[in-house]
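Note: the block below is start-v3.cif and it holds mmCIF, C-alpha atoms.
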```
data_query
#
loop_
_atom_site.group_PDB
_atom_site.id
_atom_site.type_symbol
_atom_site.label_atom_id
_atom_site.label_comp_id
_atom_site.auth_asym_id
_atom_site.auth_seq_id
_atom_site.Cartn_x
_atom_site.Cartn_y
_atom_site.Cartn_z
ATOM 1 C CA MET A 1 40.420 119.872 131.833
ATOM 2 C CA MET A 2 43.381 120.361 134.132
ATOM 3 C CA TYR A 3 42.056 117.628 136.435
ATOM 4 C CA VAL A 4 41.899 115.240 133.519
ATOM 5 C CA TYR A 5 45.503 115.993 132.592
ATOM 6 C CA VAL A 6 46.646 115.521 136.223
ATOM 7 C CA ILE A 7 44.800 112.209 136.468
ATOM 8 C CA TYR A 8 46.378 111.212 133.082
ATOM 9 C CA LEU A 9 49.870 111.996 134.442
ATOM 10 C CA ILE A 10 49.285 110.080 137.680
ATOM 11 C CA LEU A 11 47.971 107.022 135.877
ATOM 12 C CA SER A 12 50.784 107.220 133.313
ATOM 13 C CA ALA A 13 53.373 107.487 136.070
ATOM 14 C CA ILE A 14 51.964 104.424 137.846
ATOM 15 C CA ILE A 15 51.734 102.333 134.644
ATOM 16 C CA LEU A 16 55.206 103.363 133.472
ATOM 17 C CA PHE A 17 56.639 102.538 136.890
ATOM 18 C CA PHE A 18 55.648 98.912 136.372
ATOM 19 C CA ILE A 19 56.600 98.883 132.681
ATOM 20 C CA THR A 20 60.106 100.197 133.400
ATOM 21 C CA GLN A 21 60.475 97.686 136.191
ATOM 22 C CA ARG A 22 61.364 100.491 138.635
ATOM 23 C CA ASN A 23 64.194 101.809 136.455
ATOM 24 C CA VAL A 24 64.156 105.473 137.513
ATOM 25 C CA LYS A 25 66.079 106.913 134.539
ATOM 26 C CA GLU A 26 63.903 105.096 132.039
ATOM 27 C CA TRP A 27 60.770 106.003 134.004
ATOM 28 C CA ILE A 28 61.650 109.735 133.983
ATOM 29 C CA LEU A 29 62.375 109.668 130.236
ATOM 30 C CA LYS A 30 59.067 108.030 129.441
ATOM 31 C CA ILE A 31 57.111 110.323 131.789
ATOM 32 C CA ILE A 32 58.589 113.351 129.987
ATOM 33 C CA VAL A 33 57.513 111.904 126.622
ATOM 34 C CA VAL A 34 53.916 111.156 127.665
ATOM 35 C CA SER A 35 53.714 114.493 129.486
ATOM 36 C CA PHE A 36 54.648 116.576 126.450
ATOM 37 C CA LEU A 37 52.773 114.311 124.030
ATOM 38 C CA PRO A 38 49.586 113.236 125.763
ATOM 39 C CA VAL A 39 48.137 109.995 124.356
ATOM 40 C CA ILE A 40 50.382 110.170 121.249
ATOM 41 C CA GLY A 41 53.426 109.598 123.447
ATOM 42 C CA TRP A 42 52.105 106.183 124.328
ATOM 43 C CA LEU A 43 52.223 105.160 120.675
ATOM 44 C CA LEU A 44 55.948 105.857 120.281
ATOM 45 C CA PRO A 45 58.399 102.874 120.300
ATOM 46 C CA ILE A 46 60.149 104.302 123.323
ATOM 47 C CA GLN A 47 57.146 103.366 125.425
ATOM 48 C CA TRP A 48 57.084 99.704 124.355
ATOM 49 C CA PRO A 49 58.047 97.148 127.004
ATOM 50 C CA LYS A 50 61.595 95.796 126.780
ATOM 51 C CA ARG A 51 60.301 92.326 126.063
ATOM 52 C CA ALA A 52 58.470 93.609 123.037
ATOM 53 C CA ILE A 53 61.524 95.520 121.922
ATOM 54 C CA VAL A 54 63.706 92.438 122.305
ATOM 55 C CA ASN A 55 61.210 90.334 120.414
ATOM 56 C CA LYS A 56 61.022 92.910 117.663
ATOM 57 C CA GLY A 57 64.800 92.941 117.561
ATOM 58 C CA ASP A 58 64.903 89.189 117.348
ATOM 59 C CA GLU A 59 62.340 89.283 114.587
ATOM 60 C CA LEU A 60 64.325 91.952 112.796
ATOM 61 C CA ASP A 61 67.581 89.989 113.103
ATOM 62 C CA SER A 62 65.787 86.887 111.898
ATOM 63 C CA TYR A 63 64.325 88.809 108.994
ATOM 64 C CA ILE A 64 67.710 90.281 108.036
ATOM 65 C CA ASN A 65 69.355 86.866 108.261
ATOM 66 C CA GLN A 66 66.628 85.364 106.118
ATOM 67 C CA MET A 67 67.063 88.156 103.604
ATOM 68 C CA ASN A 68 70.821 87.536 103.498
ATOM 69 C CA GLU A 69 70.210 83.845 102.950
ATOM 70 C CA ASP A 70 67.728 84.598 100.183
ATOM 71 C CA ILE A 71 70.171 86.993 98.525
ATOM 72 C CA ALA A 72 72.990 84.436 98.759
ATOM 73 C CA LEU A 73 70.718 81.759 97.320
ATOM 74 C CA GLU A 74 69.665 84.088 94.518
ATOM 75 C CA ILE A 75 73.309 84.860 93.688
ATOM 76 C CA LEU A 76 74.131 81.146 93.710
ATOM 77 C CA LEU A 77 71.211 80.329 91.424
ATOM 78 C CA SER A 78 72.213 83.174 89.106
ATOM 79 C CA GLN A 79 75.780 81.859 88.964
ATOM 80 C CA GLU A 80 74.535 78.356 88.210
ATOM 81 C CA LYS A 81 72.350 79.777 85.474
ATOM 82 C CA ILE A 82 75.330 81.617 83.979
ATOM 83 C CA ASP A 83 77.491 78.482 84.172
ATOM 84 C CA LYS A 84 74.738 76.435 82.503
ATOM 85 C CA GLU A 85 74.435 78.992 79.744
ATOM 86 C CA LYS A 86 78.203 78.829 79.209
ATOM 87 C CA GLU A 87 78.091 75.029 79.059
ATOM 88 C CA LEU A 88 75.199 75.132 76.614
ATOM 89 C CA ASN A 89 77.059 77.644 74.450
ATOM 90 C CA ILE A 90 80.091 75.350 74.279
ATOM 91 C CA VAL A 91 78.336 72.829 72.077
ATOM 92 C CA PRO A 92 80.668 70.411 70.281
ATOM 93 C CA ILE A 93 81.085 71.535 66.695
ATOM 94 C CA GLU A 94 80.178 68.059 65.478
ATOM 95 C CA ASP A 95 76.790 68.308 67.195
ATOM 96 C CA ALA A 96 76.235 71.885 66.074
ATOM 97 C CA LEU A 97 76.677 70.848 62.447
ATOM 98 C CA VAL A 98 74.223 67.967 62.752
ATOM 99 C CA ILE A 99 71.425 68.864 65.157
ATOM 100 C CA SER A 100 71.403 72.660 65.355
ATOM 101 C CA ASN A 101 69.651 75.148 63.134
ATOM 102 C CA TYR A 102 71.412 76.899 60.275
ATOM 103 C CA THR A 103 72.276 79.961 62.378
ATOM 104 C CA ALA A 104 74.046 77.800 64.971
ATOM 105 C CA ARG A 105 75.901 75.885 62.256
ATOM 106 C CA ARG A 106 77.160 79.074 60.681
ATOM 107 C CA LYS A 107 78.163 80.474 64.054
ATOM 108 C CA ALA A 108 80.101 77.263 64.820
ATOM 109 C CA MET A 109 81.986 77.481 61.528
ATOM 110 C CA ILE A 110 82.786 81.184 62.055
ATOM 111 C CA ASN A 111 84.186 80.350 65.506
ATOM 112 C CA VAL A 112 86.371 77.663 63.933
ATOM 113 C CA LEU A 113 87.674 80.157 61.380
ATOM 114 C CA LYS A 114 88.503 82.599 64.176
ATOM 115 C CA GLU A 115 90.399 79.988 66.183
ATOM 116 C CA ASN A 116 92.561 77.222 64.710
ATOM 117 C CA PRO A 117 90.869 75.414 61.795
ATOM 118 C CA LEU A 118 93.645 72.810 61.667
ATOM 119 C CA GLU A 119 92.428 71.321 64.970
ATOM 120 C CA TYR A 120 89.001 70.657 63.460
ATOM 121 C CA MET A 121 89.974 69.472 59.987
ATOM 122 C CA GLU A 122 87.990 66.223 60.095
ATOM 123 C CA VAL A 123 84.863 68.072 61.160
ATOM 124 C CA ILE A 124 85.444 70.823 58.602
ATOM 125 C CA LYS A 125 85.756 68.266 55.801
ATOM 126 C CA THR A 126 82.396 66.848 56.815
ATOM 127 C CA ALA A 127 80.927 70.353 56.926
ATOM 128 C CA VAL A 128 81.944 70.902 53.279
ATOM 129 C CA LEU A 129 79.025 68.627 52.341
ATOM 130 C CA ASN A 130 76.605 70.295 54.774
ATOM 131 C CA GLU A 131 73.093 70.851 53.451
ATOM 132 C CA ASP A 132 73.244 74.521 54.428
ATOM 133 C CA PRO A 133 75.042 76.304 51.537
ATOM 134 C CA GLU A 134 76.455 79.017 53.778
ATOM 135 C CA THR A 135 77.841 76.518 56.312
ATOM 136 C CA SER A 136 79.374 74.568 53.423
ATOM 137 C CA HIS A 137 80.871 77.799 52.081
ATOM 138 C CA TYR A 138 82.480 78.582 55.449
ATOM 139 C CA ALA A 139 83.878 75.034 55.610
ATOM 140 C CA VAL A 140 85.400 75.302 52.125
ATOM 141 C CA THR A 141 86.886 78.660 53.116
ATOM 142 C CA ALA A 142 88.403 77.072 56.237
ATOM 143 C CA VAL A 143 89.882 74.193 54.219
ATOM 144 C CA MET A 144 91.407 76.548 51.661
ATOM 145 C CA GLU A 145 92.805 78.794 54.388
ATOM 146 C CA VAL A 146 94.449 75.889 56.216
ATOM 147 C CA LYS A 147 95.881 74.509 52.986
ATOM 148 C CA ARG A 148 97.209 77.943 52.000
ATOM 149 C CA LYS A 149 98.898 78.510 55.371
ATOM 150 C CA LEU A 150 100.411 75.031 55.454
ATOM 151 C CA SER A 151 101.708 75.333 51.890
ATOM 152 C CA ILE A 152 103.363 78.675 52.655
ATOM 153 C CA ALA A 153 104.859 77.313 55.895
ATOM 154 C CA ILE A 154 106.203 74.230 54.120
ATOM 155 C CA MET A 155 107.860 76.317 51.368
ATOM 156 C CA GLU A 156 109.400 78.819 53.754
ATOM 157 C CA LEU A 157 110.673 76.201 56.193
ATOM 158 C CA SER A 158 111.941 74.023 53.364
ATOM 159 C CA ASP A 159 114.058 76.900 52.080
ATOM 160 C CA ALA A 160 115.370 77.610 55.575
ATOM 161 C CA TYR A 161 116.128 73.926 56.214
ATOM 162 C CA HIS A 162 117.944 73.280 52.943
ATOM 163 C CA SER A 163 119.960 76.476 53.230
ATOM 164 C CA ASN A 164 121.260 75.410 56.652
ATOM 165 C CA LYS A 165 120.690 71.817 57.754
ATOM 166 C CA GLN A 166 122.756 72.436 60.863
ATOM 167 C CA ASP A 167 120.067 74.694 62.321
ATOM 168 C CA VAL A 168 118.206 72.435 64.732
ATOM 169 C CA ALA A 169 115.405 74.944 65.428
ATOM 170 C CA ASN A 170 114.614 75.190 61.704
ATOM 171 C CA ALA A 171 114.634 71.407 61.367
ATOM 172 C CA ILE A 172 112.212 70.993 64.290
ATOM 173 C CA SER A 173 109.838 73.601 62.835
ATOM 174 C CA TYR A 174 110.072 71.904 59.466
ATOM 175 C CA THR A 175 109.184 68.472 60.881
ATOM 176 C CA ASN A 176 106.177 69.969 62.691
ATOM 177 C CA ALA A 177 104.964 71.615 59.485
ATOM 178 C CA ILE A 178 105.436 68.409 57.464
ATOM 179 C CA LYS A 179 103.545 66.394 60.082
ATOM 180 C CA SER A 180 100.638 68.866 60.063
ATOM 181 C CA TYR A 181 100.579 68.822 56.268
ATOM 182 C CA MET A 182 100.511 65.017 56.166
ATOM 183 C CA ASN A 183 97.716 64.875 58.743
ATOM 184 C CA SER A 184 95.649 67.528 56.986
ATOM 185 C CA GLY A 185 94.210 65.099 54.445
ATOM 186 C CA PHE A 186 95.034 67.380 51.514
ATOM 187 C CA LEU A 187 97.619 65.049 49.991
ATOM 188 C CA ASP A 188 97.063 62.245 47.524
ATOM 189 C CA GLU A 189 98.724 58.900 48.184
ATOM 190 C CA GLN A 190 101.791 59.565 46.049
ATOM 191 C CA THR A 191 102.408 63.041 47.492
ATOM 192 C CA LEU A 192 101.860 61.718 51.018
ATOM 193 C CA LYS A 193 104.479 59.043 50.403
ATOM 194 C CA LYS A 194 106.914 61.714 49.230
ATOM 195 C CA TYR A 195 106.378 63.802 52.368
ATOM 196 C CA LYS A 196 106.751 60.788 54.650
ATOM 197 C CA TYR A 197 110.200 60.129 53.232
ATOM 198 C CA LEU A 198 111.018 63.812 53.618
ATOM 199 C CA TYR A 199 109.783 63.613 57.221
ATOM 200 C CA ILE A 200 112.055 60.634 57.897
ATOM 201 C CA GLU A 201 115.006 62.485 56.370
ATOM 202 C CA VAL A 202 114.595 65.575 58.545
ATOM 203 C CA LEU A 203 114.092 63.475 61.683
ATOM 204 C CA GLU A 204 117.317 61.645 60.827
ATOM 205 C CA GLN A 205 119.081 64.995 60.727
ATOM 206 C CA LEU A 206 117.792 65.788 64.201
ATOM 207 C CA ILE A 207 119.047 62.429 65.477
ATOM 208 C CA LEU A 208 122.463 63.076 63.922
ATOM 209 C CA HIS A 209 122.533 66.394 65.785
ATOM 210 C CA ASN A 210 121.897 64.532 69.060
ATOM 211 C CA VAL A 211 118.556 66.159 69.801
ATOM 212 C CA SER A 212 117.587 64.411 73.035
ATOM 213 C CA GLU A 213 113.853 64.015 72.630
ATOM 214 C CA GLU A 214 112.310 60.563 72.647
ATOM 215 C CA HIS A 215 109.384 61.476 70.408
ATOM 216 C CA ILE A 216 111.808 62.129 67.496
ATOM 217 C CA TYR A 217 112.923 58.477 67.533
ATOM 218 C CA LYS A 218 109.345 57.235 67.932
ATOM 219 C CA GLU A 219 108.089 59.428 65.083
ATOM 220 C CA LYS A 220 110.876 58.280 62.778
ATOM 221 C CA PHE A 221 110.352 54.628 63.705
ATOM 222 C CA ARG A 222 106.591 54.828 63.091
ATOM 223 C CA ALA A 223 107.019 56.538 59.722
ATOM 224 C CA GLU A 224 109.530 53.880 58.634
ATOM 225 C CA VAL A 225 107.167 51.066 59.652
ATOM 226 C CA GLU A 226 104.320 52.735 57.728
ATOM 227 C CA MET A 227 106.580 52.910 54.674
ATOM 228 C CA LYS A 228 107.614 49.263 55.272
ATOM 229 C CA GLU A 229 111.250 50.305 55.679
ATOM 230 C CA TYR A 230 111.774 47.622 58.307
ATOM 231 C CA LEU A 231 115.577 47.531 58.296
ATOM 232 C CA ALA A 232 115.679 51.297 58.757
ATOM 233 C CA ALA A 233 113.084 50.979 61.527
ATOM 234 C CA GLU A 234 115.237 48.394 63.322
ATOM 235 C CA THR A 235 118.254 50.685 63.074
ATOM 236 C CA THR A 236 116.178 53.521 64.548
ATOM 237 C CA CYS A 237 115.151 51.240 67.442
ATOM 238 C CA LYS A 238 118.819 50.472 68.144
ATOM 239 C CA GLN A 239 119.724 54.177 68.065
ATOM 240 C CA TYR A 240 116.769 54.886 70.317
ATOM 241 C CA GLN A 241 117.800 52.232 72.831
ATOM 242 C CA LYS A 242 121.397 53.430 72.857
ATOM 243 C CA LYS A 243 120.316 57.021 73.447
ATOM 244 C CA PHE A 244 117.738 56.155 76.121
ATOM 245 C CA PRO A 245 118.891 52.917 77.806
ATOM 246 C CA ALA A 246 116.668 53.454 80.846
ATOM 247 C CA SER A 247 113.476 53.802 78.809
ATOM 248 C CA GLU A 248 111.004 51.003 78.093
ATOM 249 C CA GLU A 249 109.868 52.674 74.856
ATOM 250 C CA PRO A 250 112.679 51.356 72.569
ATOM 251 C CA TYR A 251 111.792 47.808 73.659
ATOM 252 C CA ILE A 252 108.128 48.471 72.880
ATOM 253 C CA CYS A 253 109.145 49.728 69.446
ATOM 254 C CA PHE A 254 111.137 46.535 68.898
ATOM 255 C CA ILE A 255 108.126 44.443 69.943
ATOM 256 C CA GLU A 256 105.882 46.356 67.524
ATOM 257 C CA LEU A 257 108.409 45.941 64.713
ATOM 258 C CA PHE A 258 108.939 42.210 65.243
ATOM 259 C CA TYR A 259 105.205 41.632 65.544
ATOM 260 C CA THR A 260 104.665 43.499 62.252
ATOM 261 C CA THR A 261 107.384 41.521 60.494
ATOM 262 C CA LYS A 262 106.253 38.263 62.164
ATOM 263 C CA SER A 263 109.706 37.739 63.695
ATOM 264 C CA SER A 264 108.532 35.753 66.715
ATOM 265 C CA ILE A 265 112.037 34.670 67.816
ATOM 266 C CA LYS A 266 113.341 38.238 67.864
ATOM 267 C CA LEU A 267 110.147 39.359 69.606
ATOM 268 C CA GLN A 268 110.618 36.788 72.372
ATOM 269 C CA GLU A 269 114.302 37.694 72.749
ATOM 270 C CA THR A 270 113.357 41.367 73.099
ATOM 271 C CA LEU A 271 110.679 40.511 75.637
ATOM 272 C CA ASN A 272 113.159 38.472 77.704
ATOM 273 C CA ARG A 273 115.698 41.307 77.630
ATOM 274 C CA LEU A 274 113.032 43.718 78.766
ATOM 275 C CA LYS A 275 111.920 41.444 81.640
ATOM 276 C CA ASN A 276 115.520 40.935 82.762
ATOM 277 C CA SER A 277 116.371 44.623 82.604
ATOM 278 C CA THR A 278 116.361 47.032 85.558
ATOM 279 C CA ILE A 279 113.893 49.333 83.812
ATOM 280 C CA GLN A 280 110.973 50.504 85.924
ATOM 281 C CA PHE A 281 107.823 49.709 83.951
ATOM 282 C CA SER A 282 104.918 52.060 83.477
ATOM 283 C CA ASN A 283 101.388 50.620 83.620
ATOM 284 C CA ARG A 284 101.388 50.504 79.832
ATOM 285 C CA GLY A 285 104.772 48.746 79.687
ATOM 286 C CA LEU A 286 103.733 46.231 82.325
ATOM 287 C CA THR A 287 100.524 45.462 80.429
ATOM 288 C CA ILE A 288 102.478 44.868 77.201
ATOM 289 C CA VAL A 289 104.993 42.572 78.932
ATOM 290 C CA ARG A 290 102.228 40.530 80.561
ATOM 291 C CA TYR A 291 100.227 40.297 77.356
ATOM 292 C CA TRP A 292 103.109 38.996 75.256
ATOM 293 C CA SER A 293 104.470 36.753 78.028
ATOM 294 C CA GLU A 294 101.089 35.069 78.363
ATOM 295 C CA GLY A 295 100.910 34.745 74.578
ATOM 296 C CA PHE A 296 104.230 32.925 74.380
ATOM 297 C CA GLU A 297 103.300 30.690 77.317
ATOM 298 C CA HIS A 298 100.084 29.655 75.579
ATOM 299 C CA GLU A 299 102.014 29.000 72.375
ATOM 300 C CA ALA A 300 104.582 26.840 74.208
ATOM 301 C CA ASN A 301 101.842 24.842 75.959
ATOM 302 C CA ARG A 302 100.080 24.271 72.649
ATOM 303 C CA GLU A 303 103.302 22.913 71.083
ATOM 304 C CA LEU A 304 103.731 20.510 74.009
ATOM 305 C CA LEU A 305 100.231 19.185 73.395
#
```

If you convert what's in this file into structure tokens, what do you get?
Amino acid sequence: MMYVYVIYLILSAIILFFITQRNVKEWILKIIVVSFLPVIGWLLPIQWPKRAIVNKGDELDSYINQMNEDIALEILLSQEKIDKEKELNIVPIEDALVISNYTARRKAMINVLKENPLEYMEVIKTAVLNEDPETSHYAVTAVMEVKRKLSIAIMELSDAYHSNKQDVANAISYTNAIKSYMNSGFLDEQTLKKYKYLYIEVLEQLILHNVSEEHIYKEKFRAEVEMKEYLAAETTCKQYQKKFPASEEPYICFIELFYTTKSSIKLQETLNRLKNSTIQFSNRGLTIVRYWSEGFEHEANRELL
């Protein structure tokens, strides 16, 4: 038995000498292993050739890299799935009320009630006639809630405005409330007319207090045109132009007014003043100037014919 062990050691030493490529330290380490663990020692990783170890390492690195790529891809796909679910959940309320089931319709209306119903008034009015009784009930509730809040705001701001017309902040809040009330669709024609005149009055107060915001002049002008108060609208245009001489908007208001009143001579005069001014046109302003200039040129050519 001893002879067998000695022969085993000699053969192992010779084989390991070639495996270790004559590396003495490595050869001694491996000889010790196979000496203390006959046969089994050969099965341990420490005995594997370096090439095999390197290959295994390469395979392991490749495997780890592949795993990392797979994990990254899985995370990316999960994120895309989450994003898609979010997009699908944000279904336009209009669509939810038409194509979705009753549960989705009700959920859409509840979300509207939680947020700002005033932003969705047109949709809510449609939902009042929805075939689902509960959806219709939510819509009616939303309409009543908006109307209640607007009515309270109008009364409170009206009191504040009339008690102190010099308070610009109150006047601005009041105009915003009146505008929202007019756009809500709750008012009949006669009441709407009343509020439009009230709106014009409060905007006039803001102009008298030299509030330097262009939209105030534009809002007042538009309301006066809607009410066919054309002389007042022309006065507003003049005030607007005086306050903002470098803006193209007063000229555009004049053009709109003179087109509405069919004052072609005044419209052409305004257009000429605008073209001869030093105002830098926006794309919109340039389009308007070109449109009306071409219109007058065609008209002049037709008269010559």

Once 6 Å is added on each side, what centre and edge lengths in Å to one decimal does the axis-aligned box around all listed atoms of segment 273-277 of chain A have, as lines of an AutoDock Vina configuration file?
```
center_x = 114.1
center_y = 42.8
center_z = 80.2
size_x = 16.5
size_y = 15.7
size_z = 17.1
```

Need the shell around Tyr259 of chain A: protein/DNA/RNA residues with any atom at most 12 Å away, counting only C-alpha atoms. Skip same-chain ones fewer than 3 positions apart. Format as a VMD selection string? chain A and resid 225 230 252 to 256 262 to 268 270 to 271 292

Check which residues satisfy the PyMOL selection byres ((chain A and resi 190-196) around 12) in the file shown, then give them as a ChimeraX atom specification. /A:154,158,174-175,177-189,197-203,219-229

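Computed from the coordinates, the atom CA of Lys275 of chain A to atom CA of Tyr240 of chain A distance equals 18.2 Å.
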
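Closest approach to Tyr251 of chain A among A:Asn272, A:Ser12, A:Thr103, A:Thr287: A:Asn272, based on only C-alpha atoms.
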
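Between Thr235 of chain A and the residues A:Leu257, A:Asn111, A:Ala142, A:Glu249, the shortest atom-to-atom distance, using all atoms listed in the file, involves A:Leu257.
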
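Here atom CA of Lys218 of chain A is placed at a distance of 15.2 Å from atom CA of Gly285 of chain A.
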
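Interatomic distance, atom CA of Glu248 of chain A against atom CA of Leu208 of chain A: 21.9 Å.
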
What are the closest atom pairs, with distances in Å to one decimal, for each residue of segment 134-223 of chain A lying within 10 Å of segment 121-128 of chain A, using all atoms listed in the file, rows by chain and rising residue number, as JSON lines?
```
{"residue": "A:Glu134", "atom": "CA", "partner": "A:Val128", "partner_atom": "CA", "distance": 9.8}
{"residue": "A:Thr135", "atom": "CA", "partner": "A:Ala127", "partner_atom": "CA", "distance": 6.9}
{"residue": "A:Ser136", "atom": "CA", "partner": "A:Val128", "partner_atom": "CA", "distance": 4.5}
{"residue": "A:His137", "atom": "CA", "partner": "A:Val128", "partner_atom": "CA", "distance": 7.1}
{"residue": "A:Tyr138", "atom": "CA", "partner": "A:Val128", "partner_atom": "CA", "distance": 8.0}
{"residue": "A:Ala139", "atom": "CA", "partner": "A:Val128", "partner_atom": "CA", "distance": 5.1}
{"residue": "A:Val140", "atom": "CA", "partner": "A:Val128", "partner_atom": "CA", "distance": 5.7}
{"residue": "A:Thr141", "atom": "CA", "partner": "A:Val128", "partner_atom": "CA", "distance": 9.2}
{"residue": "A:Ala142", "atom": "CA", "partner": "A:Ile124", "partner_atom": "CA", "distance": 7.3}
{"residue": "A:Val143", "atom": "CA", "partner": "A:Ile124", "partner_atom": "CA", "distance": 7.1}
{"residue": "A:Val146", "atom": "CA", "partner": "A:Met121", "partner_atom": "CA", "distance": 8.7}
{"residue": "A:Asn183", "atom": "CA", "partner": "A:Met121", "partner_atom": "CA", "distance": 9.1}
{"residue": "A:Ser184", "atom": "CA", "partner": "A:Met121", "partner_atom": "CA", "distance": 6.7}
{"residue": "A:Gly185", "atom": "CA", "partner": "A:Met121", "partner_atom": "CA", "distance": 8.2}
```
